[in-house]
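Undergrad: One structure is given below, represented as structure tokens, and several questions about it will come after.
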Amino acid sequence: MDEIDKTVDLCHSVLSRFSHSTREDHQHLCAVMGAMSQELREQNLPLTAIAYFGATCSSLDRLSTESDPPSHVVEALLTILSMILPKISVTILNKKREFLAGLVVRFLQSKSTSAGAVIFGLKCISHFIIIGDKASWLDISPLYGVLLSFITDSNTKARKQSHVCVRDVLLSFQSTSMLASASEGLTNIFERFLLLAGGSNADASEKSKGAQEVLYILDALKDCLPLMSKKLTTSIMKYFKTLLELSQTLVTKRITDCLSVFCLHPTSEVSSEALLDLLGSLALSVSTNETSADGLTITARLLDVGMKKVHSINRELCWVKLPVAFNALREILASEHEEAIFASTEALKNLIHACVDEDLINQGVMMDENVSTRSSGPTIIEKVCATIGSLVDYRYIVVWDMAFQIVSAMFGKLGKGSSYLLQGTVKSLADMQKLPDEDFPYRKQLHECVGSALAAMGPETFLGILPLNLEAEDPSMVNVWLFPILKQYTVGAHLSFFIESILGMARLLRQKSQALEVQGRIALSRSMDALVYSLWSLLPSFCNYPLDTAKSFKTLEIILCSTLRGECEIRGIICSSLKILIHQNRQILDQGKDLSAQTELSVSQQRAMALYSPQVAADNLNALRSSSKNLLTVLSEVFLKSSKDDGGCLQSTIGEVAVISDKKVVSKLFINKMRKLLEVTQEAVQEKSRSFNSMQIDNSSVDGSPSLVRSRLFDLAASLLPGLGDKEIGVLFSAVEPALQADEGLIQKKAYKVLSIMLRDCDSFLSEKLHHLLNVMIEVLPLCHFSAKRHRLDCLYFLMVQVIKDESEQYKHDIVCSFLTEMILALKEANKKTRNRAYDMLVQIGHACGDEENGGKKEKLHLFFNKIAGGLAGDTPHMISASVKGLARLSYEFSDLVSAAYSVLPSTYILLQRKNREIIKANLGLLKVLVAKSPVEGLQTHLRNMVEGLLKWQDNTKNHFKAKTKLLLEMLVKKCGLDAVKAVLPEEHMRLLTNIRKIKERKERKLAANSEETRSHRSKATTSRISTWNHTKIFSDFGDEETENSNEEYMDATVASGRRTKSSTLLNAKASSIRSKRTRGATKSLPEDFFEQTEEEPLDLLDRQKTRAALRSSDIKRKKAESTEEEPEVDSEGRLIIREGPPKKERRPSDPDPDSRSQLSMNSLSSRKSKKRLKTSESGWAYTGFEYASKKAGGDVKRKDKLEPYAYWPLDRKLMSRRPEHRAAARKGMASVVKLAKKLEGKSSSTALSMKSLKVNRNQRSDRKKSR
């Protein structure tokens, strides 16, 4: 029973908890407590714990004198006493302890005492022992003996309570002299009952009773053994070993449970020899005894915790029995019980991590070094490794996936020592690779295990054991499957090994490839080239925390420079490797060795990073810095000469090298390239003046043209920017500024791109040149090319953020307002990247204004919102719609601006009445965002005005936004409720609301009809979506086609506001599928989709080459769409006819007129549709049975070598229609067939079906006439 609250009256607490209980003991407790409280009130005594304590003691004393006291009263009083004792001070209790203990013992020894009274009496006794004097065992011994006397009681509740009390007493005796005596008392009882159970003089009944009591004591030892003294715990362990030899399931189960709790207890003490001997007996019993699944599982877990316990006490002694434990766990792993297999796997991995340490590994490694003078047998670690290595035998083929995990753990623990201790295991794993896939489903686990071996040994040793065999004549002998493993798991290797061994093999293969090419064996030559590329692809892995960067990189630099110049396919690999080297060493130098403690890193990565100190990283960077001059020179030359830079790898590598390079080296290279840029610019100006009067095609994309060279020089300058000083940055700006006014779109785009990088990374340049930059941006605005618009927006963003932070000058803010207008207009750009960038800029500027942690204020955010709202007074629909879209985006992102957005609603209602599709679409999108993001209370306030503003123009038949209006009303109904919308809706539009209600009810009924599994699948498919801004959905250009399931936008918006309902989520998947079907054709119909463009630029119609490519690709696509495959030819019996030779081509009339070709395509398409419809409506795949019709009789006739006469009516495809009227018509047609059975009796099946067909056709024609 839980402890009663000490802060309130005891009687009140008891009555409030137990007065409503139907249990008899609770009712007696309430009655006694109430009587006691009433008695105290009558005597004008305070209702304190002391008063209740005195009343309880006097009542117990009075009852003890009676010969037969009522048991329920005694139980109630002992219950009250157990509640009161923790509230009484120890001083008062020690004075009354002997008296009270005598009373409680007297009741406990009475035969009439109930089990409940015994439970609470034992609680009182244990409390008396715990608060007693710990110096005198003689005073405590009698009470402790009372607790021990109930430890084998026949009543289960009393026995378990005694176990708990003994445990509490032993816990209070920790670190005192009483612990030994208390432990001895429990041990003596255990020994006495052991003798009684196994004594030769005892009869059968006494033996049975003694055996049962031994089980009871074992149950008590489960909680008490970890708290007993070390000496007596050791003696009990010896008895445990004897009991385990009996092989009794009940005894073994209790002993193993007891040992598990003991080994897991952090403060338990025992002799390591006794515990290890006991664990050894358990381990040996696995292979000799047939054990159940539970027994094997318990044994595996016990060996896990037990061996770790012994290792914490005496690791040398633990090592002795470690091979025995591993062998036992291996036997369990070979069992057929899944739980036992899992427990054994975990135990083996835990023992490898806990018990196999460096000293144990060094024993085996040292013996390997002295193998010539070795005379002793295998060491302990060799025995353990032999056990682990045997797990890859075919005996364990069923559990190979588990075995690979164990072997991987051992590889990780052994490290370099695994090259000797598990060398045979590596070869066995390589042999498994040759198994066919159908017989070996653990290919992925095998590669992970081999990868752990590679990470532990290192690639040098690993390839010595398992070579690549690239020189083998037989291609099947080449271990090509090792390349992915080497790429993924190589860490902490030596660059010298890569230079000497890997690149040595690459040179030999390159020579062999050239010789094969000379011989004309092109296929083998290409295979050799592929192997060379695979060898080079290992370089990034060897650059993953290498151990000799400072010593070996100078040699590697020469090879890398020559390869960069000569082999273009290897450049990406070299660039990735250089970036990895620089990034890792810079990270170590900046953050120290804290990175090695990250838990997500593998053991090999942690081991390699542990060798990287800040000093080592500094030495590595110095080595890289000494080679940076040559690297920058080669990289820049290659970049300027290359036709393209895939993924920007060359540019990013140049930037990384520039960061660590000496400033003088970077400055010198930069000045040389700027001089070249000046020369190329002058050459381009001269060429432009020469060709001014001539008609020439734009050759900016031609390799070697001045424009293309200038663009690459700008990209190179941007890459060198991290290593430039302030002087060089000024020089770069002087080159960029005139390029902003260039006529070529490519040059403008590159200039804006370089300027945006400068503004992003160079804060000092931005602050110094801010005034000049603002003026420049205004001057070059009229000349901005559409392809440079996105990068110009980047520049404007950094300038605007800088001005927002600086509030000193007003004219700067006036300039920013003009920039803001340009940004708002960019929301309507045709280029997707430019449009998305404009939206992102609005959000980022909003965060810069409102982020208080970075100096922003809420007032600035609202001021920014009001500036955008000023665009609603624009002169053109383009500006007005763009401003509305900007307001919608900010309202979607910032919940604080939703209330401010309501202030522009009157203007929104006015704009909705304008006959401009562009403005209406934007304003409806704004309303959609407000409805989705607003709380219900805010919508209720503006509900009437919003509904009236929506419906004022809704009846206009010329607009195409009725579906959007209906969608907004549906959203309002879902958020505010049907009644609220109905109250503000005009009477003439009530039919629309009724339609919305019926659609909602229909969807709810359909949802209710679905099975639970279907609903769960749909909810999983829809609620897991992440909501992000999508202006295409918010400002969708679809009109009435969105009537059905068109609330997908609302779904996304409600996710952001945390208001997703079950009924709305179910419609999401269907809506998205319908929308994808509608837009699939439209999104792929543009000519730009059929050819590659540089950075997704819009189609430049002035470029003749691009225009021709677009027309050619679109024509190819159109011809493919028009071409149709011929239907297969089938004979009369349904067999497929395949004719040899080329198929006959269908001749088509040649018509140069594209309009006539389009008309012909449409006619052929319509003819195919009509043929398909005719085929289905006339007969489908029906078999009318005309072969069995008789010319002389009315029925069917059997034919020789034919089946029995048969025929069937074709199923109507309308049976699968979603419309109920279609399904009803189809069922009606099928039902009429059965009704005509008697009328058509005696007629042939073909005649019957033809009559049926005629009747159905007649009925259909009559129905159409009625409908007219």
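If you're wondering about the labels, chains in the structure tokens are A, B, ... by order shown, residues count from 1 in each chain, ligands from 1 in order shown.
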Please identify all polymer residues within 9 Å of Cys561 in chain A, counting only C-alpha atoms, omitting same-chain residues fewer than 2 positions from it, and present them as a list in words.

TA: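 In the requested form, the answer reads Leu556, Glu557, Ile558, Ile559, Thr563, Leu564, Arg565, Gly566, Asn630, Leu631, Val634 and Leu635 of chain A.
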
Undergrad: Mind dumping the selected residues with all heavy atoms as a short mmCIF file (atom, residue, chain, number, x, y, z; two decimals), in the first residue's frame?

TA:
data_model
loop_
_atom_site.label_atom_id
_atom_site.label_comp_id
_atom_site.auth_asym_id
_atom_site.auth_seq_id
_atom_site.Cartn_x
_atom_site.Cartn_y
_atom_site.Cartn_z
N LEU A 556 53.47 13.24 -54.62
CA LEU A 556 52.16 13.11 -55.24
C LEU A 556 51.81 14.33 -56.09
O LEU A 556 51.11 14.22 -57.10
CB LEU A 556 51.11 12.88 -54.15
CG LEU A 556 49.67 12.67 -54.62
CD1 LEU A 556 49.55 11.41 -55.47
CD2 LEU A 556 48.73 12.59 -53.42
N GLU A 557 52.31 15.49 -55.68
CA GLU A 557 51.98 16.72 -56.40
C GLU A 557 52.43 16.67 -57.86
O GLU A 557 51.71 17.08 -58.78
CB GLU A 557 52.65 17.91 -55.70
CG GLU A 557 52.54 19.22 -56.45
CD GLU A 557 53.76 20.10 -56.24
OE1 GLU A 557 54.43 19.95 -55.19
OE2 GLU A 557 54.04 20.93 -57.12
N ILE A 558 53.63 16.13 -58.10
CA ILE A 558 54.15 16.05 -59.46
C ILE A 558 53.25 15.18 -60.33
O ILE A 558 52.92 15.52 -61.48
CB ILE A 558 55.59 15.50 -59.44
CG1 ILE A 558 56.47 16.41 -58.56
CG2 ILE A 558 56.15 15.38 -60.84
CD1 ILE A 558 57.87 15.86 -58.32
N ILE A 559 52.81 14.07 -59.77
CA ILE A 559 51.94 13.16 -60.53
C ILE A 559 50.60 13.81 -60.78
O ILE A 559 50.04 13.71 -61.89
CB ILE A 559 51.79 11.84 -59.76
CG1 ILE A 559 53.16 11.20 -59.51
CG2 ILE A 559 50.87 10.88 -60.49
CD1 ILE A 559 53.13 9.98 -58.64
N THR A 563 48.92 14.65 -64.46
CA THR A 563 47.65 13.99 -64.78
C THR A 563 46.56 15.01 -65.06
O THR A 563 45.71 14.81 -65.94
CB THR A 563 47.23 13.07 -63.62
OG1 THR A 563 48.29 12.18 -63.30
CG2 THR A 563 46.00 12.25 -63.99
N LEU A 564 46.53 16.12 -64.33
CA LEU A 564 45.54 17.15 -64.59
C LEU A 564 45.67 17.71 -66.01
O LEU A 564 44.67 18.03 -66.67
CB LEU A 564 45.68 18.28 -63.56
CG LEU A 564 45.11 18.04 -62.17
CD1 LEU A 564 45.53 19.14 -61.22
CD2 LEU A 564 43.59 17.95 -62.23
N ARG A 565 46.90 17.81 -66.48
CA ARG A 565 47.10 18.36 -67.83
C ARG A 565 46.74 17.34 -68.92
O ARG A 565 46.21 17.71 -69.95
CB ARG A 565 48.57 18.79 -68.00
CG ARG A 565 48.95 20.03 -67.23
CD ARG A 565 50.33 20.51 -67.67
NE ARG A 565 50.70 21.76 -67.05
CZ ARG A 565 51.50 21.86 -65.98
NH1 ARG A 565 51.97 20.76 -65.41
NH2 ARG A 565 51.80 23.04 -65.48
N GLY A 566 47.03 16.06 -68.67
CA GLY A 566 46.92 15.09 -69.73
C GLY A 566 45.67 14.24 -69.75
O GLY A 566 45.26 13.77 -70.82
N ASN A 630 52.21 25.54 -57.64
CA ASN A 630 52.10 24.69 -58.84
C ASN A 630 50.67 24.22 -59.05
O ASN A 630 50.19 24.15 -60.20
CB ASN A 630 53.03 23.49 -58.70
CG ASN A 630 54.49 23.89 -58.66
OD1 ASN A 630 54.87 24.95 -59.20
ND2 ASN A 630 55.32 23.09 -58.03
N LEU A 631 49.99 23.89 -57.96
CA LEU A 631 48.61 23.41 -58.10
C LEU A 631 47.70 24.50 -58.67
O LEU A 631 46.88 24.25 -59.56
CB LEU A 631 48.09 22.94 -56.75
CG LEU A 631 48.67 21.63 -56.21
CD1 LEU A 631 48.16 21.36 -54.79
CD2 LEU A 631 48.31 20.45 -57.11
N VAL A 634 48.46 25.00 -62.43
CA VAL A 634 47.94 23.94 -63.29
C VAL A 634 46.42 23.95 -63.32
O VAL A 634 45.79 23.82 -64.38
CB VAL A 634 48.47 22.57 -62.80
CG1 VAL A 634 47.83 21.44 -63.59
CG2 VAL A 634 49.98 22.52 -62.94
N LEU A 635 45.82 24.13 -62.16
CA LEU A 635 44.36 24.13 -62.12
C LEU A 635 43.76 25.28 -62.92
O LEU A 635 42.75 25.12 -63.61
CB LEU A 635 43.89 24.21 -60.65
CG LEU A 635 44.06 22.94 -59.81
CD1 LEU A 635 43.78 23.23 -58.34
CD2 LEU A 635 43.14 21.83 -60.30
#

Undergrad: Report as a PyMOL selection string all protein, DNA and RNA residues lying within 12 Å of Phe190 in chain A, evaluated on only C-alpha atoms, omitting residues in the same chain fewer than 2 positions from it.

TA: chain A and resi 148-149+151-152+183-188+192-197+210-221+225+232-233+235-237+239-240

Undergrad: Which residues are close to Thr56 in chain A, i.e. within 12 Å by only C-alpha atoms, leaving aside same-chain residues fewer than 2 positions away? Reply as a PDB file with C-alpha atoms, in the first residue's frame.

TA:
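After the write, result.pdb holds the following:
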ATOM      1  CA  VAL A  32     -11.299   1.520  12.313  1.00  0.00           C
ATOM      2  CA  MET A  33      -9.744   4.758  11.102  1.00  0.00           C
ATOM      3  CA  ALA A  35     -13.621   5.288  14.948  1.00  0.00           C
ATOM      4  CA  MET A  36     -10.093   6.200  16.001  1.00  0.00           C
ATOM      5  CA  SER A  37     -10.453   9.724  14.604  1.00  0.00           C
ATOM      6  CA  GLU A  39     -12.333   9.024  19.642  1.00  0.00           C
ATOM      7  CA  LEU A  40      -9.509  11.545  19.351  1.00  0.00           C
ATOM      8  CA  ALA A  49       0.576  11.469  13.620  1.00  0.00           C
ATOM      9  CA  ILE A  50       1.667  11.168  17.246  1.00  0.00           C
ATOM     10  CA  ALA A  51      -1.966  11.006  18.401  1.00  0.00           C
ATOM     11  CA  TYR A  52      -2.801   8.310  15.854  1.00  0.00           C
ATOM     12  CA  PHE A  53       0.382   6.485  16.818  1.00  0.00           C
ATOM     13  CA  GLY A  54      -0.541   6.436  20.503  1.00  0.00           C
ATOM     14  CA  SER A  58      -2.945   1.270  22.889  1.00  0.00           C
ATOM     15  CA  SER A  59      -5.458  -0.573  20.702  1.00  0.00           C
ATOM     16  CA  LEU A  60      -2.905  -3.224  19.762  1.00  0.00           C
ATOM     17  CA  ASP A  61      -1.867  -3.595  23.407  1.00  0.00           C
ATOM     18  CA  ARG A  62      -5.487  -4.096  24.409  1.00  0.00           C
ATOM     19  CA  LEU A  63      -6.100  -6.665  21.697  1.00  0.00           C
ATOM     20  CA  VAL A  73      -9.290  -5.306  13.450  1.00  0.00           C
ATOM     21  CA  VAL A  74      -5.722  -6.503  13.947  1.00  0.00           C
ATOM     22  CA  GLU A  75      -5.070  -6.218  10.224  1.00  0.00           C
ATOM     23  CA  ALA A  76      -6.486  -2.700  10.129  1.00  0.00           C
ATOM     24  CA  LEU A  77      -4.433  -1.586  13.130  1.00  0.00           C
ATOM     25  CA  LEU A  78      -1.205  -3.040  11.703  1.00  0.00           C
ATOM     26  CA  THR A  79      -1.980  -1.320   8.431  1.00  0.00           C
ATOM     27  CA  ILE A  80      -2.385   2.005  10.193  1.00  0.00           C
ATOM     28  CA  LEU A  81       0.796   1.405  12.176  1.00  0.00           C
ATOM     29  CA  SER A  82       2.813   0.742   8.992  1.00  0.00           C
ATOM     30  CA  MET A  83       1.510   4.042   7.582  1.00  0.00           C
ATOM     31  CA  ILE A  84       2.329   6.045  10.701  1.00  0.00           C
ATOM     32  CA  LEU A  85       5.826   4.697  11.452  1.00  0.00           C
ATOM     33  CA  LEU A 100       5.930  -2.274  19.780  1.00  0.00           C
ATOM     34  CA  LEU A 103       3.327  -6.605  20.136  1.00  0.00           C
ATOM     35  CA  VAL A 104       3.819  -7.035  16.391  1.00  0.00           C
TER      36      VAL A 104
END

Undergrad: Would you mind reading off the distance between CA of Gln606 in chain A and CA of Ala403 in chain A, one decimal, in Å?

TA: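 CA of Ala403 in chain A lies 23.9 Å from CA of Gln606 in chain A.
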
Undergrad: Just the residues within 7 Å of range 897-902 of chain A, please, counting only C-alpha atoms, with nothing from its chain fewer than 3 positions along; format it as a PyMOL selection string.

TA: chain A and resi 891+894+905+930+934
